[in-house]
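Printed here is model_29.txt (compact mmCIF, C-alpha atoms):
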```
# COMPACT_ATOMS: atom_id res chain seq x y z
CA MET A 1 16.15 12.73 -12.72
CA ASN A 2 17.14 9.69 -14.71
CA ILE A 3 14.45 7.01 -14.35
CA ALA A 4 14.75 3.55 -15.92
CA VAL A 5 11.72 1.31 -16.35
CA ILE A 6 12.86 -2.27 -16.83
CA ASP A 7 11.72 -3.68 -20.17
CA TYR A 8 11.21 -7.44 -20.02
CA LYS A 9 7.85 -7.71 -21.80
CA GLY A 10 6.23 -7.68 -18.38
CA GLY A 11 3.04 -5.93 -19.48
CA ASN A 12 1.43 -2.84 -17.99
CA VAL A 13 4.51 -0.77 -18.79
CA GLN A 14 2.65 1.94 -20.69
CA SER A 15 0.46 2.80 -17.69
CA VAL A 16 3.55 3.29 -15.54
CA LEU A 17 5.15 5.52 -18.18
CA PHE A 18 1.94 7.56 -18.35
CA ALA A 19 1.83 7.88 -14.55
CA LEU A 20 5.36 9.34 -14.63
CA GLU A 21 4.36 11.59 -17.52
CA ARG A 22 1.49 12.95 -15.39
CA LEU A 23 4.16 13.94 -12.85
CA GLY A 24 6.06 15.70 -15.63
CA LEU A 25 8.75 13.01 -15.79
CA GLN A 26 10.18 11.18 -18.76
CA ALA A 27 11.49 7.65 -18.16
CA THR A 28 13.59 5.33 -20.29
CA LEU A 29 12.10 1.92 -21.03
CA THR A 30 15.13 -0.31 -21.34
CA ALA A 31 16.77 -3.69 -20.82
CA ASP A 32 20.24 -2.20 -21.39
CA HIS A 33 22.47 -3.05 -18.43
CA ASN A 34 24.50 0.16 -18.63
CA LEU A 35 21.44 2.40 -18.82
CA ILE A 36 19.87 0.55 -15.88
CA ARG A 37 23.07 0.74 -13.81
CA GLY A 38 23.37 4.46 -14.50
CA ALA A 39 19.78 5.40 -13.63
CA ASP A 40 18.90 7.37 -10.47
CA LYS A 41 15.72 5.40 -9.90
CA ILE A 42 14.52 2.04 -11.19
CA LEU A 43 10.90 1.00 -11.75
CA PHE A 44 10.15 -2.70 -12.22
CA PRO A 45 6.48 -3.14 -13.14
CA GLY A 46 4.97 -6.47 -14.08
CA GLU A 47 1.83 -8.40 -14.83
CA GLY A 48 1.13 -11.91 -15.93
CA GLU A 49 2.79 -15.15 -15.04
CA ALA A 50 5.93 -15.63 -12.92
CA SER A 51 7.83 -18.40 -14.73
CA SER A 52 7.62 -16.78 -18.18
CA ALA A 53 8.65 -13.42 -16.67
CA MET A 54 11.70 -15.11 -15.11
CA ARG A 55 12.52 -16.76 -18.44
CA GLU A 56 12.56 -13.34 -20.11
CA LEU A 57 14.68 -11.81 -17.32
CA ARG A 58 17.22 -14.63 -17.68
CA ALA A 59 17.29 -14.26 -21.46
CA GLN A 60 18.32 -10.62 -20.96
CA GLY A 61 20.78 -11.33 -18.14
CA LEU A 62 18.62 -9.17 -15.87
CA ASP A 63 18.36 -11.91 -13.23
CA GLN A 64 22.08 -11.33 -12.62
CA LEU A 65 22.01 -7.53 -12.89
CA LEU A 66 18.99 -6.59 -10.76
CA PRO A 67 20.23 -7.99 -7.41
CA THR A 68 23.44 -5.94 -7.75
CA LEU A 69 21.67 -2.57 -8.14
CA THR A 70 22.14 -0.02 -5.34
CA GLN A 71 19.86 2.90 -6.35
CA PRO A 72 16.22 3.14 -5.15
CA PHE A 73 14.26 0.38 -6.87
CA LEU A 74 10.47 -0.05 -6.95
CA GLY A 75 8.85 -3.34 -7.96
CA ILE A 76 5.14 -3.21 -8.84
CA CYS A 77 2.68 -6.14 -8.70
CA LEU A 78 4.42 -9.10 -10.39
CA GLY A 79 7.55 -6.94 -10.16
CA MET A 80 7.24 -7.29 -6.38
CA GLN A 81 6.63 -11.03 -6.41
CA LEU A 82 9.67 -11.64 -8.64
CA LEU A 83 11.92 -10.23 -5.90
CA GLY A 84 11.13 -13.23 -3.69
CA ARG A 85 12.74 -16.68 -3.63
CA HIS A 86 10.10 -18.95 -5.09
CA SER A 87 6.57 -18.80 -6.51
CA GLN A 88 3.92 -21.45 -6.41
CA GLU A 89 2.86 -20.14 -9.82
CA ASN A 90 4.28 -22.84 -12.12
CA ASP A 91 6.97 -23.62 -9.51
CA ALA A 92 9.12 -20.62 -10.50
CA GLU A 93 12.53 -19.83 -9.00
CA LEU A 94 12.64 -16.06 -8.48
CA LEU A 95 15.35 -13.39 -8.06
CA GLY A 96 15.93 -14.10 -4.37
CA ILE A 97 16.46 -10.47 -3.35
CA LEU A 98 13.88 -10.77 -0.55
CA PRO A 99 13.35 -13.84 1.63
CA PHE A 100 9.69 -14.64 0.85
CA ASP A 101 7.95 -17.43 -1.02
CA VAL A 102 4.96 -16.46 -3.16
CA VAL A 103 1.83 -18.56 -2.63
CA ARG A 104 -1.70 -18.68 -4.07
CA PHE A 105 -4.70 -17.32 -2.17
CA PRO A 106 -6.56 -20.30 -0.71
CA GLU A 107 -10.12 -21.04 -1.77
CA ALA A 108 -12.34 -19.43 0.84
CA ALA A 109 -16.09 -18.86 0.77
CA GLY A 110 -16.87 -15.32 -0.34
CA TYR A 111 -13.26 -14.56 -1.36
CA LYS A 112 -12.86 -14.60 -5.13
CA VAL A 113 -9.49 -15.17 -6.78
CA PRO A 114 -7.97 -13.04 -8.28
CA HIS A 115 -8.09 -10.54 -5.41
CA MET A 116 -9.31 -7.73 -7.67
CA GLY A 117 -10.26 -4.21 -6.68
CA TRP A 118 -9.65 -1.55 -4.05
CA ASN A 119 -8.44 -2.68 -0.63
CA ASN A 120 -7.14 -0.63 2.28
CA LEU A 121 -3.54 -0.44 3.46
CA GLN A 122 -2.67 -1.14 7.10
CA GLN A 123 0.44 -1.18 9.28
CA LEU A 124 2.23 1.41 7.18
CA ARG A 125 5.87 1.62 8.16
CA SER A 126 7.99 3.31 5.52
CA PRO A 127 8.73 6.78 4.12
CA LEU A 128 7.16 5.35 0.95
CA PHE A 129 3.78 6.04 2.61
CA ALA A 130 4.47 9.57 3.89
CA GLY A 131 1.24 11.60 3.91
CA LEU A 132 -1.00 8.55 3.65
CA ARG A 133 -3.51 7.42 6.24
CA GLU A 134 -3.98 3.90 7.43
CA GLU A 135 -7.11 2.70 5.59
CA ASP A 136 -6.29 4.56 2.36
CA TYR A 137 -7.36 2.46 -0.62
CA VAL A 138 -5.21 1.16 -3.46
CA TYR A 139 -5.98 -1.07 -6.45
CA PHE A 140 -4.93 -4.73 -6.43
CA VAL A 141 -5.16 -7.48 -9.07
CA HIS A 142 -3.38 -10.71 -8.16
CA SER A 143 -3.93 -14.38 -7.40
CA TYR A 144 -0.63 -14.96 -5.58
CA TYR A 145 0.83 -13.09 -2.62
CA ALA A 146 3.84 -12.72 -0.35
CA PRO A 147 3.16 -13.57 3.31
CA VAL A 148 3.81 -11.02 6.04
CA GLY A 149 7.40 -11.01 7.36
CA ASP A 150 10.17 -8.76 8.74
CA TYR A 151 10.46 -7.23 5.25
CA THR A 152 6.77 -6.13 5.19
CA ILE A 153 6.25 -2.35 5.19
CA ALA A 154 2.46 -2.37 4.56
CA GLU A 155 -0.25 -4.97 4.89
CA ALA A 156 -3.65 -5.64 3.40
CA ALA A 157 -6.10 -8.40 4.29
CA TYR A 158 -7.91 -10.91 2.07
CA PRO A 159 -9.14 -12.33 4.40
CA ALA A 160 -5.81 -12.94 6.21
CA PRO A 161 -3.09 -10.26 6.22
CA PHE A 162 -0.52 -10.39 3.40
CA SER A 163 2.34 -8.14 2.26
CA ALA A 164 0.97 -5.13 0.37
CA ALA A 165 4.50 -3.71 0.27
CA VAL A 166 7.99 -4.96 1.14
CA GLN A 167 11.49 -3.53 1.46
CA HIS A 168 15.08 -4.72 1.72
CA GLU A 169 17.75 -2.00 1.63
CA ASN A 170 17.22 -0.07 -1.65
CA PHE A 171 14.66 -2.56 -2.95
CA TYR A 172 11.07 -1.39 -2.38
CA ALA A 173 8.08 -3.16 -3.87
CA VAL A 174 4.29 -2.94 -3.81
CA GLN A 175 1.73 -5.60 -4.67
CA PHE A 176 -0.86 -3.04 -5.77
CA HIS A 177 -0.77 -0.79 -8.82
CA THR A 178 0.52 2.67 -7.86
CA GLU A 179 -0.25 3.84 -11.40
CA LYS A 180 -3.93 2.82 -11.09
CA SER A 181 -4.62 3.83 -7.49
CA GLY A 182 -5.78 7.40 -8.02
CA PRO A 183 -4.23 10.23 -5.96
CA VAL A 184 -3.08 7.75 -3.26
CA GLY A 185 -1.01 5.81 -5.81
CA THR A 186 0.41 9.00 -7.26
CA ARG A 187 1.54 10.09 -3.80
CA ILE A 188 3.35 6.76 -3.27
CA LEU A 189 5.10 7.12 -6.61
CA GLU A 190 6.13 10.68 -5.69
CA ASN A 191 7.39 9.48 -2.31
CA PHE A 192 9.49 6.82 -4.02
CA LEU A 193 10.99 9.34 -6.42
CA LYS A 194 12.07 11.45 -3.41
CA LEU A 195 13.96 8.56 -1.76
CA MET B 1 -11.27 -4.99 3.37
CA LEU B 2 -11.84 -5.44 -0.34
CA THR B 3 -14.55 -3.01 -1.44
CA LYS B 4 -17.43 -3.47 -3.86
CA ARG B 5 -16.74 -1.66 -7.12
CA ILE B 6 -18.92 0.87 -8.95
CA ILE B 7 -18.28 0.93 -12.69
CA PRO B 8 -19.76 3.42 -15.17
CA CYS B 9 -19.86 2.05 -18.73
CA LEU B 10 -19.21 4.31 -21.73
CA ASP B 11 -20.44 3.26 -25.17
CA ILE B 12 -17.99 4.32 -27.86
CA LYS B 13 -18.47 4.76 -31.59
CA ASP B 14 -15.71 6.06 -33.84
CA GLY B 15 -13.79 7.24 -30.79
CA ARG B 16 -16.73 9.23 -29.32
CA THR B 17 -19.21 8.47 -26.56
CA VAL B 18 -22.67 7.65 -27.84
CA LYS B 19 -26.02 7.85 -26.05
CA GLY B 20 -26.81 11.37 -25.01
CA VAL B 21 -24.67 12.29 -22.09
CA ARG B 22 -26.13 15.12 -20.07
CA PHE B 23 -23.51 16.38 -17.76
CA GLU B 24 -23.41 19.90 -16.48
CA GLY B 25 -20.04 21.53 -16.77
CA LEU B 26 -18.78 19.10 -19.36
CA ARG B 27 -17.88 21.10 -22.45
CA ASP B 28 -17.89 18.15 -24.83
CA ALA B 29 -20.10 15.32 -23.64
CA GLY B 30 -18.93 13.21 -26.58
CA ASP B 31 -15.33 13.24 -25.43
CA PRO B 32 -14.71 9.91 -23.69
CA VAL B 33 -11.47 11.06 -22.10
CA ALA B 34 -13.09 14.07 -20.39
CA LEU B 35 -16.03 11.97 -19.25
CA ALA B 36 -13.74 9.25 -17.92
CA ALA B 37 -11.64 11.76 -15.99
CA ARG B 38 -14.80 13.21 -14.47
CA TYR B 39 -16.01 9.79 -13.31
CA ALA B 40 -12.59 9.06 -11.82
CA ARG B 41 -12.72 12.31 -9.84
CA GLU B 42 -16.22 11.52 -8.59
CA GLY B 43 -15.03 8.21 -7.18
CA ALA B 44 -15.73 5.59 -9.85
CA ASP B 45 -13.65 2.50 -9.07
CA GLU B 46 -13.16 1.41 -12.66
CA LEU B 47 -14.52 2.21 -16.09
CA VAL B 48 -15.66 0.05 -18.97
CA PHE B 49 -15.46 1.25 -22.57
CA LEU B 50 -17.70 -0.68 -24.91
CA ASP B 51 -16.83 -0.05 -28.55
CA ILE B 52 -19.73 -0.44 -30.95
CA THR B 53 -17.90 0.84 -34.04
CA ALA B 54 -18.49 -1.45 -37.01
CA THR B 55 -16.08 0.01 -39.58
CA ASN B 56 -12.70 -1.05 -40.92
CA GLN B 57 -11.01 1.72 -38.96
CA LYS B 58 -12.38 0.29 -35.72
CA ARG B 59 -9.13 -1.18 -34.46
CA THR B 60 -7.04 1.91 -35.15
CA THR B 61 -9.45 4.39 -33.57
CA LEU B 62 -9.99 2.16 -30.53
CA VAL B 63 -6.27 1.74 -29.88
CA ALA B 64 -5.77 5.50 -30.22
CA LEU B 65 -8.61 6.12 -27.76
CA VAL B 66 -7.25 3.59 -25.26
CA ARG B 67 -3.90 5.34 -25.37
CA GLU B 68 -5.48 8.72 -24.67
CA VAL B 69 -7.59 7.33 -21.83
CA ALA B 70 -4.57 5.60 -20.25
CA ARG B 71 -2.57 8.81 -20.51
CA GLU B 72 -5.19 10.70 -18.45
CA LEU B 73 -6.80 8.13 -16.18
CA ASP B 74 -5.30 6.94 -12.89
CA ILE B 75 -7.90 4.22 -12.23
CA PRO B 76 -8.26 0.89 -14.07
CA PHE B 77 -10.36 0.43 -17.19
CA THR B 78 -11.64 -2.42 -19.33
CA VAL B 79 -12.16 -2.28 -23.09
CA GLY B 80 -14.68 -4.47 -24.92
CA GLY B 81 -16.76 -4.71 -28.06
CA GLY B 82 -16.02 -6.93 -31.04
CA ILE B 83 -12.57 -7.96 -29.84
CA GLY B 84 -11.68 -11.30 -31.37
CA THR B 85 -7.98 -11.99 -31.77
CA VAL B 86 -4.80 -12.24 -29.73
CA GLN B 87 -3.44 -9.32 -31.81
CA ASP B 88 -6.44 -7.11 -30.90
CA VAL B 89 -5.95 -7.84 -27.22
CA GLU B 90 -2.19 -7.30 -27.35
CA ALA B 91 -2.57 -3.88 -29.03
CA LEU B 92 -5.08 -2.73 -26.40
CA LEU B 93 -3.02 -3.94 -23.44
CA LEU B 94 0.23 -2.49 -24.81
CA ASN B 95 -1.45 0.89 -25.13
CA GLY B 96 -2.62 0.96 -21.54
CA ALA B 97 -5.90 -0.96 -21.17
CA ASP B 98 -5.92 -2.85 -17.87
CA LYS B 99 -8.40 -5.49 -18.95
CA VAL B 100 -9.99 -6.57 -22.20
CA SER B 101 -13.42 -8.15 -22.39
CA ILE B 102 -14.37 -10.69 -25.02
CA ASN B 103 -17.87 -11.90 -25.79
CA SER B 104 -18.93 -13.34 -29.18
CA ALA B 105 -15.40 -14.44 -30.08
CA ALA B 106 -15.23 -16.53 -26.91
CA LEU B 107 -18.58 -18.14 -27.70
CA ALA B 108 -17.50 -18.89 -31.27
CA ARG B 109 -14.22 -20.42 -30.12
CA PRO B 110 -13.94 -20.94 -26.35
CA GLU B 111 -10.25 -21.94 -26.63
CA LEU B 112 -9.55 -18.25 -27.25
CA ILE B 113 -10.05 -17.65 -23.51
CA GLU B 114 -7.24 -20.10 -22.69
CA GLU B 115 -4.94 -18.64 -25.33
CA LEU B 116 -5.44 -15.12 -24.01
CA ALA B 117 -5.12 -16.11 -20.36
CA ARG B 118 -1.91 -18.02 -21.03
CA ARG B 119 -0.42 -15.20 -23.04
CA PHE B 120 -1.47 -12.18 -20.96
CA GLY B 121 -2.58 -13.61 -17.60
CA SER B 122 -6.11 -14.23 -16.35
CA GLN B 123 -6.14 -10.93 -14.47
CA CYS B 124 -6.69 -8.95 -17.67
CA ILE B 125 -9.12 -11.26 -19.48
CA VAL B 126 -12.80 -10.55 -18.83
CA VAL B 127 -15.51 -12.67 -20.42
CA ALA B 128 -18.65 -10.64 -21.04
CA ALA B 129 -21.79 -12.77 -21.09
CA ASP B 130 -25.20 -11.46 -22.21
CA THR B 131 -28.08 -13.44 -20.81
CA ARG B 132 -31.83 -13.37 -21.26
CA TYR B 133 -34.57 -15.29 -19.48
CA ASN B 134 -37.29 -17.35 -21.07
CA GLU B 135 -39.83 -19.63 -19.40
CA ALA B 136 -38.87 -22.74 -21.33
CA ASP B 137 -35.07 -22.69 -21.01
CA GLY B 138 -34.35 -20.33 -18.10
CA TRP B 139 -31.32 -18.03 -18.41
CA GLN B 140 -29.63 -18.51 -21.79
CA ILE B 141 -26.60 -16.83 -23.38
CA TYR B 142 -27.37 -14.47 -26.25
CA THR B 143 -25.25 -12.74 -28.90
CA ARG B 144 -25.84 -10.08 -31.57
CA ALA B 145 -27.08 -7.45 -29.13
CA GLY B 146 -29.36 -9.91 -27.41
CA THR B 147 -31.16 -11.13 -30.52
CA HIS B 148 -29.60 -14.55 -31.04
CA ASN B 149 -29.98 -17.38 -28.54
CA THR B 150 -26.83 -19.53 -28.48
CA GLY B 151 -28.67 -22.29 -26.62
CA ARG B 152 -26.06 -22.21 -23.89
CA ASP B 153 -27.08 -22.11 -20.25
CA ALA B 154 -25.80 -18.93 -18.56
CA VAL B 155 -24.40 -20.51 -15.40
CA GLN B 156 -22.71 -23.31 -17.35
CA TRP B 157 -21.11 -20.90 -19.81
CA CYS B 158 -19.81 -18.58 -17.09
CA ARG B 159 -18.36 -21.54 -15.24
CA GLU B 160 -16.70 -22.78 -18.43
CA ALA B 161 -15.28 -19.31 -19.13
CA ALA B 162 -13.79 -19.11 -15.63
CA ASP B 163 -12.41 -22.66 -15.88
CA ARG B 164 -10.77 -21.74 -19.18
CA GLY B 165 -8.99 -18.81 -17.55
CA ALA B 166 -11.25 -15.74 -17.50
CA GLY B 167 -10.24 -13.54 -14.55
CA GLU B 168 -13.64 -11.87 -14.29
CA ILE B 169 -17.18 -12.32 -15.59
CA LEU B 170 -19.17 -9.31 -16.79
CA LEU B 171 -22.74 -10.56 -16.67
CA THR B 172 -25.40 -8.48 -18.41
CA SER B 173 -29.06 -9.36 -18.13
CA MET B 174 -30.66 -8.36 -21.43
CA SER B 175 -34.02 -9.00 -19.74
CA ASN B 176 -33.30 -6.20 -17.26
CA ASP B 177 -31.17 -3.86 -19.38
CA GLY B 178 -32.89 -0.51 -19.82
CA THR B 179 -35.78 -1.31 -17.48
CA LYS B 180 -34.41 0.46 -14.38
CA ASP B 181 -36.24 -2.19 -12.37
CA GLY B 182 -33.05 -3.46 -10.77
CA PHE B 183 -30.37 -6.02 -11.53
CA ALA B 184 -31.26 -9.66 -12.23
CA LEU B 185 -30.58 -10.91 -8.72
CA ASP B 186 -31.30 -14.59 -9.31
CA ILE B 187 -28.95 -15.20 -12.23
CA THR B 188 -26.27 -12.87 -10.84
CA GLY B 189 -26.32 -14.78 -7.56
CA ALA B 190 -26.29 -18.12 -9.33
CA VAL B 191 -23.26 -17.16 -11.45
CA SER B 192 -21.46 -15.59 -8.49
CA ARG B 193 -21.86 -18.80 -6.50
CA ALA B 194 -20.84 -20.95 -9.48
CA VAL B 195 -17.51 -19.27 -10.28
CA SER B 196 -14.49 -18.49 -8.13
CA VAL B 197 -13.61 -15.29 -10.04
CA PRO B 198 -15.18 -11.83 -9.52
CA VAL B 199 -18.57 -11.11 -11.13
CA VAL B 200 -19.62 -7.69 -12.42
CA ALA B 201 -23.41 -7.28 -12.52
CA SER B 202 -24.87 -5.24 -15.36
CA GLY B 203 -28.32 -4.37 -16.66
CA GLY B 204 -31.30 -2.85 -14.90
CA ALA B 205 -29.86 -0.47 -12.32
CA GLY B 206 -32.34 2.32 -11.63
CA SER B 207 -31.96 3.23 -7.97
CA LEU B 208 -29.50 3.31 -5.08
CA GLN B 209 -31.27 0.35 -3.52
CA ASP B 210 -30.72 -1.74 -6.67
CA PHE B 211 -26.98 -1.64 -5.99
CA THR B 212 -27.44 -2.58 -2.33
CA ASN B 213 -29.55 -5.53 -3.44
CA VAL B 214 -27.09 -6.83 -6.02
CA PHE B 215 -24.25 -6.74 -3.49
CA GLN B 216 -26.19 -8.11 -0.52
CA GLN B 217 -28.51 -10.60 -2.21
CA ALA B 218 -26.55 -11.66 -5.30
CA GLN B 219 -22.96 -11.44 -3.99
CA ALA B 220 -21.84 -9.38 -6.99
CA ASP B 221 -18.31 -8.00 -6.72
CA ALA B 222 -19.07 -4.93 -8.81
CA GLY B 223 -22.08 -3.11 -10.24
CA LEU B 224 -22.03 -1.57 -13.71
CA ALA B 225 -24.42 0.97 -15.19
CA ALA B 226 -24.48 3.51 -17.99
CA SER B 227 -27.37 5.91 -18.47
CA ILE B 228 -28.27 6.48 -14.82
CA PHE B 229 -24.75 7.82 -14.33
CA HIS B 230 -24.55 9.65 -17.67
CA PHE B 231 -27.84 11.46 -17.09
CA GLY B 232 -26.89 12.36 -13.55
CA GLU B 233 -29.83 10.42 -12.07
CA ILE B 234 -27.44 8.80 -9.62
CA GLY B 235 -24.18 10.39 -8.53
CA ILE B 236 -21.26 8.07 -7.81
CA ARG B 237 -20.57 9.68 -4.45
CA ALA B 238 -24.20 9.60 -3.31
CA LEU B 239 -24.39 5.96 -4.36
CA LYS B 240 -21.31 5.05 -2.37
CA GLU B 241 -22.53 6.89 0.71
CA HIS B 242 -25.81 4.98 0.47
CA LEU B 243 -23.95 1.68 0.18
CA ARG B 244 -21.76 2.48 3.16
CA GLN B 245 -24.85 3.25 5.24
CA ASP B 246 -26.16 -0.16 4.24
CA GLY B 247 -22.98 -1.73 5.60
CA ILE B 248 -21.41 -2.48 2.21
CA PRO B 249 -17.66 -1.80 2.00
CA VAL B 250 -16.91 0.92 -0.55
CA ARG B 251 -14.00 3.22 -1.29
CA LEU B 252 -15.01 6.76 -0.34
```
Would you write out, as C-alpha cells, the structure that this file holds?
Amino acid sequence: MNIAVIDYKGGNVQSVLFALERLGLQATLTADHNLIRGADKILFPGEGEASSAMRELRAQGLDQLLPTLTQPFLGICLGMQLLGRHSQENDAELLGILPFDVVRFPEAAGYKVPHMGWNNLQQLRSPLFAGLREEDYVYFVHSYYAPVGDYTIAEAAYPAPFSAAVQHENFYAVQFHTEKSGPVGTRILENFLKL
Amino acid sequence: MLTKRIIPCLDIKDGRTVKGVRFEGLRDAGDPVALAARYAREGADELVFLDITATNQKRTTLVALVREVARELDIPFTVGGGIGTVQDVEALLLNGADKVSINSAALARPELIEELARRFGSQCIVVAADTRYNEADGWQIYTRAGTHNTGRDAVQWCREAADRGAGEILLTSMSNDGTKDGFALDITGAVSRAVSVPVVASGGAGSLQDFTNVFQQAQADAGLAASIFHFGEIGIRALKEHLRQDGIPVRL
C-alpha cells in the first residue's frame, strides 16, 4: 500500500510515521503533488496554529491540490480543523472541504483550555470506528473545535458535545491523536487503511 | 468526560533510567523504553521523562532516546530537564516528543515561553515550576534542584507562565517531594484556580488516597509520581480502580 503523509511542517509527523511503522507500514512524507495524487491513502496530521499552517499549505500549492483528491484521506487534529471553512484562531481562512467553522472552547468553570487528555467517544457512526465501543477513550489536545453537524461521525463532550471526527465523501478526519491513543487509536488507523 | 491523568515520571541520565527501579519481569530496569512500554500497557495516561544528564553529549543522547521512545510508545510523553533553547525544543518535537517542559530557562528569560508557544503551539509547551513553602514568604519558586529561592511567588509565576503561552503547568512541591505524605493540596489548588490551563500535581504521593485528594480537593488535572510506581508500591491499574470508586473519572 502506497501511503503519503502530507509534509507541510505541521508538526507531530514523526509520531504518525512511527504509528504506521508499528503496523509494519512504510509511508512517504512528501509535499510533491504527483506523489500525493498517486498515493492509495493520504494522512494529513497537524499541530500548532491554523493561520501559519494555511500559509505553508498555500506556499506549496497544497491548498489547491488537497480538495481535488479522491482517495481515502485522514486528517488528524489540526489536520481535521484545516478541512473546515474558517477558524477563529487568528481569523484563518481554511481549505473549505467541509462546511464547519472552527471556534475556541469558551471559558467555563472547571474546564481548562486546552482540552488535554483522554476523553470518551460517543455517537460513533462510521466504518472508521469498527470494533470500537461507545465510551472508548482517545487522546485529545486542542483549544479550538468543530461544532457538531451533519458531517459529524463521532462526538466527544467538553462540556458540550463537539465533533471528535468528521467525514465528507473520501475525506475523513479526527480531532484526537490516533497515533497517541493506545490500542484504540491503532484500531482506528487500521480501519482507515482498510477503507 | 475528560478523565484525570496518571503520569509516571522517569528520571534519565545518559539515556538510562536512574533511581533503582524494582520491577519484576523487567529484564533491564535501566532501559527507559522497556519501562515506558510497561507503564503504557498498565494504563498510564502519559509519561514524563526528566533528563538530569549534565554532560556535553546531553542533547544528542536525549534526542536519540526520545526517538526510540516515540517509536515504541502509543501514548503521549513529555520531555524535560535543562531544556533552554528553541533549537532544543524543535529537535525533541521533531523526533516524536509530544510536549517539552521548561523550567530554569523560563525563569531566566520568561519571553522564551512566548517564543516557544508562538513557534510550536501552546499545546506542547509545559512550564515546570518547583515550589517550596516557608513561613515568611509562603510558596516560592525555587531552582537548582530546590536549593535556590528565586523570590517569585508560586501562584504569580504560574499565572504569568500561562499568560505567556504555557499549555500546561507541572507543579512540583519540593516541600512534599519524597515525603510520601501526600501532594501539597493548598498550593496545587491555588494554582489550579489561578490558571486556565491544565495543572499536573507532583511531589509527595504515597498512597491511593493522596491521588483522590489532589483531584477532589485541589482540582488537579493530572497526578505525577515516580518512586511509588517504580518500586511497585502502587500499581497504575489499582490506583485507577480506587479513583473510579471515589467517583473520579479515569480511563480504565
* Go through A:Leu195, A:Val141, A:Val166, A:Leu128 one by one, measure the shortest atom-to-atom distance of each to chain B using all atoms listed in the file, and give the residue with the smallest value. => A:Val141
* Dump as a list in words the residues of chain A that approach chain B to within 7 Å, counting only C-alpha atoms. =>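 Every residue meeting the condition is included here: Gly11, Asn12, Gln14, Ser15, Phe18, Gly48, Glu49, Lys112, Val113, Pro114, Gly117, Trp118, Asn119, Asn120, Tyr137, Val141, His142, Ala157, Tyr158, Glu179, Lys180, Ser181 and Gly182 of chain A.
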For the residues selected in the previous step, produce a file with C-alpha atoms as a CSV table (one decimal), in the coordinates of the input.
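Contents of the output file again-v7.csv:
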```csv
chain,number,residue,atom,x,y,z
A,11,GLY,CA,3.0,-5.9,-19.5
A,12,ASN,CA,1.4,-2.8,-18.0
A,14,GLN,CA,2.6,1.9,-20.7
A,15,SER,CA,0.5,2.8,-17.7
A,18,PHE,CA,1.9,7.6,-18.4
A,48,GLY,CA,1.1,-11.9,-15.9
A,49,GLU,CA,2.8,-15.2,-15.0
A,112,LYS,CA,-12.9,-14.6,-5.1
A,113,VAL,CA,-9.5,-15.2,-6.8
A,114,PRO,CA,-8.0,-13.0,-8.3
A,117,GLY,CA,-10.3,-4.2,-6.7
A,118,TRP,CA,-9.6,-1.6,-4.0
A,119,ASN,CA,-8.4,-2.7,-0.6
A,120,ASN,CA,-7.1,-0.6,2.3
A,137,TYR,CA,-7.4,2.5,-0.6
A,141,VAL,CA,-5.2,-7.5,-9.1
A,142,HIS,CA,-3.4,-10.7,-8.2
A,157,ALA,CA,-6.1,-8.4,4.3
A,158,TYR,CA,-7.9,-10.9,2.1
A,179,GLU,CA,-0.2,3.8,-11.4
A,180,LYS,CA,-3.9,2.8,-11.1
A,181,SER,CA,-4.6,3.8,-7.5
A,182,GLY,CA,-5.8,7.4,-8.0
```
* To do: Excluding A:Asp7 and residues on its chain fewer than 2 positions from it, collect all residues at most 12 Å away from it, counting all atoms listed in the file, and give them as number ranges by chain.
  => A: 4-5, 9-14, 16-17, 27-33, 35-36, 42-46, 53, 56-57, 60, 62, 79
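Taking atom CA of A:Val138 and atom CA of A:Pro183 as endpoints, the distance between them is 9.5 Å.
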* Asked: Hey, which of A:Arg187, A:Arg104, A:His86, A:Arg37 ends up closest to A:Ala130? Count all atoms listed in the file.
  -> A:Arg187
* **Nearest candidate to A:Gln123 (options A:Pro161, A:Pro106, A:Pro147, A:Pro99; using all atoms listed in the file)** =>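 Among the listed residues, the smallest separation from A:Gln123 belongs to A:Pro161.
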* Asked: How many Å separate atom CA of A:Gln175 from atom CA of A:Met80?
  ->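 Value for the atom CA of A:Gln175-atom CA of A:Met80 distance: 6.0 Å.
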